[in-house]
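Below is input-v2.txt, holding compact mmCIF, C-alpha atoms (C1' of nucleotides).
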```txt
# COMPACT_ATOMS: atom_id res chain seq x y z
CA MET A 1 -7.09 10.78 4.41
CA ARG A 2 -5.39 13.38 2.27
CA VAL A 3 -2.11 15.22 1.87
CA THR A 4 -1.85 18.77 3.20
CA THR A 5 -0.63 21.78 1.29
CA TRP A 6 2.81 21.19 2.79
CA ALA A 7 3.17 18.10 0.65
CA GLU A 8 1.46 19.57 -2.38
CA TYR A 9 3.30 22.89 -2.35
CA GLY A 10 6.49 21.05 -1.49
CA LEU A 11 6.17 19.09 -4.72
CA ILE A 12 5.28 22.16 -6.77
CA VAL A 13 8.22 24.05 -5.35
CA SER A 14 10.80 21.31 -5.79
CA LEU A 15 9.52 20.65 -9.28
CA HIS A 16 10.03 24.32 -10.04
CA LEU A 17 13.61 24.13 -8.79
CA ALA A 18 14.14 20.97 -10.83
CA ARG A 19 13.04 22.84 -13.93
CA HIS A 20 15.67 25.49 -13.27
CA GLN A 21 18.57 23.23 -12.39
CA GLY A 22 21.94 24.46 -13.64
CA GLU A 23 20.86 28.07 -13.67
CA VAL A 24 21.36 30.71 -11.01
CA PRO A 25 19.69 29.96 -7.67
CA VAL A 26 16.00 30.86 -7.51
CA PRO A 27 14.81 33.15 -4.69
CA ALA A 28 11.81 31.95 -2.71
CA ARG A 29 9.64 34.83 -3.83
CA ASP A 30 10.33 34.06 -7.48
CA VAL A 31 9.17 30.50 -6.97
CA ALA A 32 6.09 31.74 -5.18
CA SER A 33 5.05 34.30 -7.77
CA ALA A 34 5.82 31.99 -10.69
CA GLU A 35 3.72 29.21 -9.19
CA GLY A 36 1.06 31.47 -7.75
CA LEU A 37 1.64 30.45 -4.16
CA PRO A 38 1.80 32.58 -0.96
CA GLY A 39 5.34 33.93 -0.66
CA ASP A 40 5.96 33.63 3.06
CA TYR A 41 4.56 30.14 3.02
CA VAL A 42 6.84 29.01 0.22
CA GLU A 43 9.73 30.34 2.22
CA GLN A 44 8.81 28.09 5.14
CA ILE A 45 8.49 25.10 2.90
CA LEU A 46 11.87 25.72 1.33
CA LEU A 47 13.28 25.97 4.82
CA LYS A 48 11.97 22.50 5.59
CA LEU A 49 13.28 21.12 2.34
CA ARG A 50 16.67 22.57 3.12
CA ARG A 51 16.71 21.14 6.64
CA ALA A 52 15.97 17.77 5.08
CA GLY A 53 18.91 18.27 2.76
CA LEU A 54 16.84 18.27 -0.43
CA VAL A 55 17.72 21.80 -1.46
CA THR A 56 20.69 24.07 -0.81
CA SER A 57 20.38 27.76 -0.10
CA ILE A 58 22.54 30.77 -0.79
CA ARG A 59 21.95 33.76 1.43
CA GLY A 60 22.09 37.43 0.62
CA ALA A 61 21.58 39.30 -2.62
CA LYS A 62 21.71 37.06 -5.72
CA GLY A 63 20.93 34.23 -3.35
CA GLY A 64 18.16 31.68 -3.56
CA TYR A 65 17.56 27.95 -3.66
CA ARG A 66 18.80 25.07 -5.72
CA LEU A 67 18.01 21.38 -5.77
CA ALA A 68 20.74 19.63 -3.80
CA ARG A 69 20.75 16.52 -5.99
CA PRO A 70 19.83 15.68 -9.58
CA ALA A 71 16.06 15.46 -10.04
CA GLU A 72 16.27 11.77 -10.91
CA THR A 73 17.60 10.96 -7.45
CA VAL A 74 14.93 12.83 -5.51
CA SER A 75 11.79 10.78 -4.93
CA VAL A 76 8.33 12.13 -4.31
CA ARG A 77 8.51 10.39 -0.98
CA ASP A 78 11.62 12.38 -0.09
CA VAL A 79 9.80 15.61 -0.76
CA ILE A 80 6.61 14.71 1.09
CA GLU A 81 8.47 13.39 4.08
CA ALA A 82 10.54 16.56 4.20
CA ALA A 83 7.57 18.87 3.84
CA GLU A 84 4.96 17.04 5.90
CA ASN A 85 7.21 15.05 8.27
CA HIS A 86 5.67 11.75 7.18
CA THR A 87 3.82 10.14 4.30
CA PHE A 88 1.15 7.92 5.83
CA GLU A 89 0.97 8.18 9.59
CA VAL A 90 -0.12 5.01 11.38
CA ASN A 91 -2.42 5.86 14.28
CA CYS A 92 -1.13 2.93 16.33
CA ASP A 93 2.12 4.88 16.68
CA ALA A 94 1.09 8.52 16.60
CA HIS A 95 -2.49 8.60 17.91
CA PRO A 96 -3.15 5.33 19.74
CA VAL A 97 -6.78 4.60 20.56
CA SER A 98 -5.73 3.11 23.87
CA ALA A 99 -2.51 1.87 25.38
CA GLU A 100 -3.61 -1.77 25.64
CA ARG A 101 -5.27 -2.10 22.25
CA CYS A 102 -2.38 -0.46 20.45
CA HIS A 103 0.43 -2.12 22.32
CA PRO A 104 2.80 -3.64 19.74
CA ASN A 105 2.07 -7.22 20.75
CA SER A 106 -1.63 -7.06 21.34
CA ALA A 107 -3.82 -9.14 19.05
CA CYS A 108 -5.20 -6.19 17.08
CA ALA A 109 -6.40 -7.18 13.63
CA ILE A 110 -6.60 -3.62 12.38
CA ARG A 111 -2.96 -2.64 12.76
CA PRO A 112 -1.79 -4.86 9.88
CA VAL A 113 -4.16 -2.94 7.62
CA TRP A 114 -2.50 0.38 8.40
CA ARG A 115 0.95 -1.16 8.13
CA ALA A 116 0.14 -2.58 4.72
CA LEU A 117 -1.20 0.78 3.62
CA GLN A 118 1.94 2.51 4.81
CA GLN A 119 4.15 0.09 2.93
CA GLN A 120 2.23 0.37 -0.33
CA ILE A 121 2.09 4.13 -0.17
CA ASP A 122 5.77 4.47 0.60
CA ALA A 123 6.72 2.03 -2.12
CA LEU A 124 4.69 3.91 -4.69
CA LEU A 125 6.04 7.32 -3.72
CA ASP A 126 9.55 5.92 -3.56
CA GLY A 127 9.27 4.79 -7.13
CA ILE A 128 8.56 8.22 -8.57
CA SER A 129 11.31 10.82 -8.92
CA LEU A 130 11.15 14.51 -9.69
CA GLY A 131 12.86 13.55 -12.94
CA ASP A 132 9.90 11.31 -13.82
CA LEU A 133 7.48 14.13 -13.16
CA LEU A 134 9.55 16.50 -15.24
CA ALA A 135 9.49 14.06 -18.14
CA GLU A 136 5.78 13.45 -17.79
CA GLU A 137 5.26 17.18 -17.66
CA SER A 138 6.80 17.82 -21.06
CA ALA A 139 5.13 14.75 -22.53
CA VAL A 140 1.71 15.96 -21.43
CA GLU A 141 2.57 19.48 -22.49
CA GLU A 142 3.16 18.20 -25.99
CA LEU A 143 -0.11 16.29 -26.06
CA VAL A 144 -2.00 19.36 -24.95
CA SER A 145 -0.32 21.54 -27.55
CA ILE A 146 -1.47 19.29 -30.40
CA GLY A 147 -4.97 19.26 -28.99
CA VAL A 148 -5.18 15.87 -27.35
CA ALA A 149 -6.79 16.01 -23.92
CA PRO A 150 -4.64 14.24 -21.31
CA ARG A 151 -6.35 11.54 -19.32
CA SER A 152 -7.44 12.14 -15.72
CA MET B 153 -1.82 11.80 5.64
CA ARG B 154 -3.66 9.62 8.11
CA VAL B 155 -7.07 8.16 8.82
CA THR B 156 -9.25 9.86 11.42
CA THR B 157 -10.97 8.20 14.35
CA TRP B 158 -14.08 7.90 12.19
CA ALA B 159 -12.34 5.29 10.08
CA GLU B 160 -10.57 3.63 12.97
CA TYR B 161 -13.56 3.48 15.30
CA GLY B 162 -15.71 2.49 12.35
CA LEU B 163 -13.54 -0.56 11.82
CA ILE B 164 -13.46 -1.43 15.52
CA VAL B 165 -17.21 -1.11 15.74
CA SER B 166 -18.05 -3.14 12.65
CA LEU B 167 -15.54 -5.76 13.68
CA HIS B 168 -17.32 -5.97 17.01
CA LEU B 169 -20.64 -6.49 15.26
CA ALA B 170 -19.05 -9.09 13.00
CA ARG B 171 -17.92 -11.00 16.07
CA HIS B 172 -21.50 -11.09 17.34
CA GLN B 173 -23.25 -12.00 14.11
CA GLY B 174 -26.20 -14.35 14.54
CA GLU B 175 -26.85 -13.25 18.09
CA VAL B 176 -29.28 -10.61 19.35
CA PRO B 177 -28.64 -7.10 18.05
CA VAL B 178 -26.00 -5.17 19.99
CA PRO B 179 -26.92 -1.75 21.42
CA ALA B 180 -24.52 1.08 20.64
CA ARG B 181 -23.60 1.57 24.27
CA ASP B 182 -22.65 -2.08 24.63
CA VAL B 183 -20.29 -1.78 21.68
CA ALA B 184 -18.83 1.37 23.17
CA SER B 185 -18.24 0.00 26.65
CA ALA B 186 -16.93 -3.32 25.37
CA GLU B 187 -14.46 -1.60 23.07
CA GLY B 188 -13.66 1.25 25.44
CA LEU B 189 -14.89 3.98 23.13
CA PRO B 190 -16.98 7.11 23.84
CA GLY B 191 -20.64 6.09 23.77
CA ASP B 192 -22.21 9.06 22.04
CA TYR B 193 -19.50 9.00 19.41
CA VAL B 194 -20.03 5.32 18.66
CA GLU B 195 -23.70 6.06 18.22
CA GLN B 196 -22.90 8.62 15.53
CA ILE B 197 -20.59 6.25 13.75
CA LEU B 198 -23.18 3.49 13.75
CA LEU B 199 -25.62 6.01 12.32
CA LYS B 200 -23.27 6.61 9.40
CA LEU B 201 -22.70 2.92 8.89
CA ARG B 202 -26.43 2.39 8.82
CA ARG B 203 -26.99 5.20 6.32
CA ALA B 204 -24.40 3.54 4.12
CA GLY B 205 -26.32 0.29 4.42
CA LEU B 206 -23.54 -1.60 6.16
CA VAL B 207 -25.47 -2.26 9.36
CA THR B 208 -29.14 -2.57 10.18
CA SER B 209 -30.73 -1.14 13.27
CA ILE B 210 -33.63 -2.13 15.47
CA ARG B 211 -35.16 0.63 17.53
CA GLY B 212 -36.62 0.53 21.00
CA ALA B 213 -35.95 -1.73 23.96
CA LYS B 214 -34.03 -4.90 23.03
CA GLY B 215 -32.95 -3.06 19.94
CA GLY B 216 -29.46 -2.49 18.63
CA TYR B 217 -27.29 -3.00 15.59
CA ARG B 218 -26.40 -5.89 13.35
CA LEU B 219 -24.11 -6.27 10.37
CA ALA B 220 -26.29 -6.03 7.26
CA ARG B 221 -24.24 -8.54 5.27
CA PRO B 222 -21.93 -11.45 6.06
CA ALA B 223 -18.54 -10.24 7.25
CA GLU B 224 -16.80 -11.76 4.23
CA THR B 225 -18.70 -9.45 1.89
CA VAL B 226 -17.91 -6.23 3.73
CA SER B 227 -14.57 -4.71 2.75
CA VAL B 228 -12.45 -2.40 4.84
CA ARG B 229 -12.94 0.14 2.09
CA ASP B 230 -16.71 -0.08 2.54
CA VAL B 231 -16.36 0.71 6.21
CA ILE B 232 -13.89 3.57 5.82
CA GLU B 233 -15.86 5.16 3.02
CA ALA B 234 -19.02 4.94 5.11
CA ALA B 235 -17.40 6.34 8.23
CA GLU B 236 -15.09 8.96 6.76
CA ASN B 237 -16.89 9.72 3.45
CA HIS B 238 -13.81 8.82 1.41
CA THR B 239 -10.61 6.81 1.60
CA PHE B 240 -7.91 8.93 -0.02
CA GLU B 241 -9.11 12.37 -1.01
CA VAL B 242 -7.38 13.85 -4.06
CA ASN B 243 -6.78 17.56 -3.55
CA CYS B 244 -7.24 18.29 -7.26
CA ASP B 245 -10.92 17.53 -6.71
CA ALA B 246 -11.62 18.57 -3.14
CA HIS B 247 -9.06 21.27 -2.36
CA PRO B 248 -7.68 22.60 -5.63
CA VAL B 249 -4.60 24.78 -5.36
CA SER B 250 -5.91 26.98 -8.15
CA ALA B 251 -8.56 26.67 -10.83
CA GLU B 252 -6.13 26.72 -13.77
CA ARG B 253 -3.51 24.39 -12.35
CA CYS B 254 -6.04 21.85 -11.21
CA HIS B 255 -8.29 21.98 -14.23
CA PRO B 256 -8.78 18.37 -15.47
CA ASN B 257 -6.95 18.94 -18.73
CA SER B 258 -4.09 21.10 -17.61
CA ALA B 259 -0.61 19.65 -17.93
CA CYS B 260 -0.09 19.06 -14.21
CA ALA B 261 2.47 16.36 -13.50
CA ILE B 262 1.49 16.00 -9.88
CA ARG B 263 -2.11 14.95 -10.35
CA PRO B 264 -1.19 11.49 -11.69
CA VAL B 265 0.69 10.87 -8.46
CA TRP B 266 -2.39 11.43 -6.35
CA ARG B 267 -4.53 9.40 -8.73
CA ALA B 268 -2.13 6.50 -8.55
CA LEU B 269 -2.11 6.73 -4.78
CA GLN B 270 -5.87 6.70 -4.69
CA GLN B 271 -6.05 3.64 -6.89
CA GLN B 272 -3.50 1.66 -4.92
CA ILE B 273 -5.09 2.54 -1.61
CA ASP B 274 -8.58 1.67 -2.76
CA ALA B 275 -7.41 -1.58 -4.30
CA LEU B 276 -5.70 -2.62 -1.10
CA LEU B 277 -8.64 -1.74 1.13
CA ASP B 278 -11.03 -3.41 -1.28
CA GLY B 279 -9.11 -6.63 -0.97
CA ILE B 280 -9.55 -6.96 2.78
CA SER B 281 -12.87 -8.00 4.30
CA LEU B 282 -14.11 -7.95 7.87
CA GLY B 283 -14.05 -11.73 7.59
CA ASP B 284 -10.32 -11.61 6.87
CA LEU B 285 -9.73 -9.46 9.92
CA LEU B 286 -11.82 -11.78 12.06
CA ALA B 287 -9.75 -14.75 10.92
CA GLU B 288 -6.48 -12.92 11.48
CA GLU B 289 -7.72 -11.89 14.88
CA SER B 290 -8.15 -15.45 16.11
CA ALA B 291 -4.93 -16.56 14.47
CA VAL B 292 -2.96 -13.86 16.26
CA GLU B 293 -4.88 -14.54 19.45
CA GLU B 294 -3.64 -18.10 19.34
CA LEU B 295 -0.04 -17.04 18.74
CA VAL B 296 -0.17 -14.68 21.66
CA SER B 297 -1.66 -17.29 23.95
CA ILE B 298 1.22 -19.70 23.34
CA GLY B 299 3.72 -16.92 23.93
CA VAL B 300 4.83 -16.02 20.43
CA ALA B 301 4.98 -12.28 19.86
CA PRO B 302 3.10 -11.25 16.72
CA ARG B 303 5.08 -9.25 14.20
CA SER B 304 4.55 -5.49 13.83
C1' DT C 305 -50.71 2.80 29.75
C1' DT C 306 -46.75 3.80 31.58
C1' DG C 307 -41.99 3.46 32.05
C1' DA C 308 -37.65 1.80 30.47
C1' DT C 309 -34.84 1.17 26.66
C1' DT C 310 -32.91 2.33 22.46
C1' DT C 311 -32.31 4.39 17.92
C1' DC C 312 -32.48 8.84 15.58
C1' DC C 313 -30.59 13.44 14.62
C1' DG C 314 -29.12 18.15 14.72
C1' DG C 315 -26.46 21.30 17.04
C1' DG C 316 -22.77 22.85 19.96
C1' DC C 317 -18.10 23.14 21.79
C1' DG C 318 -13.26 22.90 23.07
C1' DA C 319 -8.91 21.53 21.28
C1' DA C 320 -5.94 20.63 17.73
C1' DG C 321 -4.13 21.20 13.27
C1' DC C 322 -3.85 23.69 8.97
C1' DA C 323 -2.63 27.57 6.00
C1' DT C 324 -0.78 31.75 6.32
C1' DT C 325 1.29 36.00 7.93
C1' DC C 326 4.54 38.85 10.58
C1' DG C 327 8.59 40.77 12.59
C1' DG C 328 12.95 40.91 12.88
C1' DA C 329 17.87 38.88 12.83
C1' DT C 330 21.67 37.57 9.85
C1' DA C 331 24.26 37.09 5.61
C1' DT C 332 25.78 38.70 0.92
C1' DT C 333 26.28 41.65 -3.02
C1' DC C 334 26.94 46.02 -5.27
C1' DG D 335 25.39 51.15 3.60
C1' DA D 336 21.49 50.13 0.87
C1' DA D 337 19.27 46.45 -1.28
C1' DT D 338 18.40 41.72 -1.53
C1' DA D 339 17.77 37.21 0.56
C1' DT D 340 17.75 33.59 3.65
C1' DC D 341 16.71 32.35 8.41
C1' DC D 342 13.46 31.44 12.24
C1' DG D 343 10.12 31.59 15.84
C1' DA D 344 5.90 33.15 16.93
C1' DA D 345 1.21 34.79 16.11
C1' DT D 346 -3.07 34.57 13.56
C1' DG D 347 -7.54 33.15 11.70
C1' DC D 348 -9.87 29.29 10.03
C1' DT D 349 -11.30 24.63 9.56
C1' DT D 350 -11.72 20.13 11.07
C1' DC D 351 -11.67 16.70 14.64
C1' DG D 352 -13.27 14.38 18.52
C1' DC D 353 -16.86 14.33 21.38
C1' DC D 354 -21.02 15.75 24.20
C1' DC D 355 -25.91 17.16 24.82
C1' DG D 356 -30.78 17.40 24.49
C1' DG D 357 -34.63 15.86 22.97
C1' DA D 358 -37.93 13.33 19.56
C1' DA D 359 -39.64 8.91 17.98
C1' DA D 360 -39.96 3.86 18.23
C1' DT D 361 -40.38 -0.46 20.72
C1' DC D 362 -40.91 -3.62 24.45
C1' DA D 363 -42.25 -5.23 29.19
C1' DA D 364 -44.96 -4.81 33.28
```
Mind turning this structure into structure tokens?
Amino acid sequence: MRVTTWAEYGLIVSLHLARHQGEVPVPARDVASAEGLPGDYVEQILLKLRRAGLVTSIRGAKGGYRLARPAETVSVRDVIEAAENHTFEVNCDAHPVSAERCHPNSACAIRPVWRALQQQIDALLDGISLGDLLAEESAVEELVSIGVAPRS
Amino acid sequence: MRVTTWAEYGLIVSLHLARHQGEVPVPARDVASAEGLPGDYVEQILLKLRRAGLVTSIRGAKGGYRLARPAETVSVRDVIEAAENHTFEVNCDAHPVSAERCHPNSACAIRPVWRALQQQIDALLDGISLGDLLAEESAVEELVSIGVAPRS
DNA sequence: TTGATTTCCGGGCGAAGCATTCGGATATTC
DNA sequence: GAATATCCGAATGCTTCGCCCGGAAATCAA
């Protein structure tokens, strides 16, 4: 159980855009080189973010990407769902073990576990915005600069 | 982000053993056929559960598997960790994007998100035992039998 | 003692998914 | 019209997943 690079890069990329809000739009390749990520891949991710309505794009020369909404109103869940299509995927829905066992009103004791997981995960990711991460970023940055090792 | 069949089958299998505690040991193939799972695969899963100390095995004719501890003392987390090697895997540790970014004391704002996820997930899975699932199972069974559709 | 049963265990294998690249079409600016 | 970008599907190589196979060792019953 882990997130793929879609989710991880998606966060890195949208965080980069959040950092450059209010400026000129940032081309995909600039994001990629600044963050040290594969260029063509970043382009695909930005495409997904745009289709989800999280970023807006401007085509042609001087074009690029911008966050569609203020960073405080974009949750980590938004980004992950846009980039990876889902946060936690419950097997009962997507990869059922068998039709009978996984039928919605069978007496399966395991399903509630996955449901609970899904709810907790979504709630947590819903509660964190790109704005929060941006704030944390500069806070940690400051700690590091005065020589205090950040935890974890 | 989802659990693999190792985790899911692992739960099904240990739940099956929990249901038959106190009886003669259950051979792997009996578990498999009773639960409708691939036999050789179940064998491998039971092997992992045994290596993790969750089940005990008896070799030879009349042999089979038994839960090593009472079902109330075996958490869902125990089972998943045994079957899948981890619950939620944090990329910073296992699949770092880059050495610098993911270095423990870099100012990465994303890492705390994964850490928080990991903690919440582990806490939730720690709080559920096979005994709980067994109880829920019979409760739901009863609801179904009197014609009330279980939720979710 | 022999045969049946069963765990033990590594390796293999096809299919799917992941991470990434490619090629080219379309739009915009200078 | 050249340069810069987004747009988009498809192709690629790699890893992991889900599962099977073959055989060795242990145990029990006849």
Report the closest atom pair, with its distance in Å rounded to one decimal, for each residue of chain A that has an atom no farther than 6 Å from chain C; count only C-alpha atoms (C1' of nucleotides), sort by chain and then rising residue number, and write it as a tab-separated table.
```
residue	atom	partner	partner_atom	distance
A:Arg59	CA	C:DA331	C1'	5.8
A:Gly60	CA	C:DT332	C1'	3.9
A:Ala61	CA	C:DT333	C1'	5.3
```
Can you list, as an MDAnalysis selection string, every protein, DNA or RNA residue that comes within 12 Å of range 33-50 of chain A when you count all atoms listed in the file, leaving out same-chain residues fewer than 4 positions away? (chainID A and resid 5:17 26:29 54:58 64:69 74 78:85) or (chainID B and resid 249:253 260) or (chainID C and resid 323:326) or (chainID D and resid 339:343)
Output as a list in words the set of chain B residues within 7 Å of chain A, with distances taken over only C-alpha atoms. Met153, Arg154, Val155, Thr239, Phe240, Glu241, Val242, Pro256, Asn257, Ala259, Cys260, Ala261, Leu269, Ile273, Leu285, Glu288, Glu289, Val292, Glu293, Ala301, Pro302 and Ser304 of chain B
Using all atoms listed in the file: which of D:DA359, D:DA337, D:DC353, D:DC348 has the shortest distance to chain A: D:DA337
As a ChimeraX atom specification, could you give me every residue of chain D near chain B (at most 10 Å apart, counting only C-alpha atoms (C1' of nucleotides))? /D:351-355,359-363
Selected residues written out with C-alpha atoms (C1' of nucleotides), as a tab-separated table (two decimals), in the frame of the given file:
```
chain	number	residue	atom	x	y	z
D	351	DC	C1'	-11.67	16.70	14.64
D	352	DG	C1'	-13.27	14.38	18.52
D	353	DC	C1'	-16.86	14.33	21.38
D	354	DC	C1'	-21.02	15.75	24.20
D	355	DC	C1'	-25.91	17.16	24.82
D	359	DA	C1'	-39.64	8.91	17.98
D	360	DA	C1'	-39.96	3.86	18.23
D	361	DT	C1'	-40.38	-0.46	20.72
D	362	DC	C1'	-40.91	-3.62	24.45
D	363	DA	C1'	-42.25	-5.23	29.19
```
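Between CA of Ser75 in chain A and CA of Ala18 in chain A the interatomic distance comes to 12.0 Å.
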Interatomic distance between CA of Ala223 in chain B and CA of Gly174 in chain B?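 Taking CA of Ala223 in chain B and CA of Gly174 in chain B, their separation equals 11.3 Å.
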Figure out the distance between CA of Ala275 in chain B and CA of Arg77 in chain A, please, to one decimal in Å.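 These two atoms are separated by 20.2 Å.
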Box for range 317-329 of chain C: with edges along x, y and z, all listed atoms inside and 8 Å added on each side, what are the centre and edge lengths in Å to one decimal, as AutoDock Vina command-line options?
```
--center_x -0.1 --center_y 30.8 --center_z 14.5 --size_x 52.0 --size_y 36.3 --size_z 33.1
```
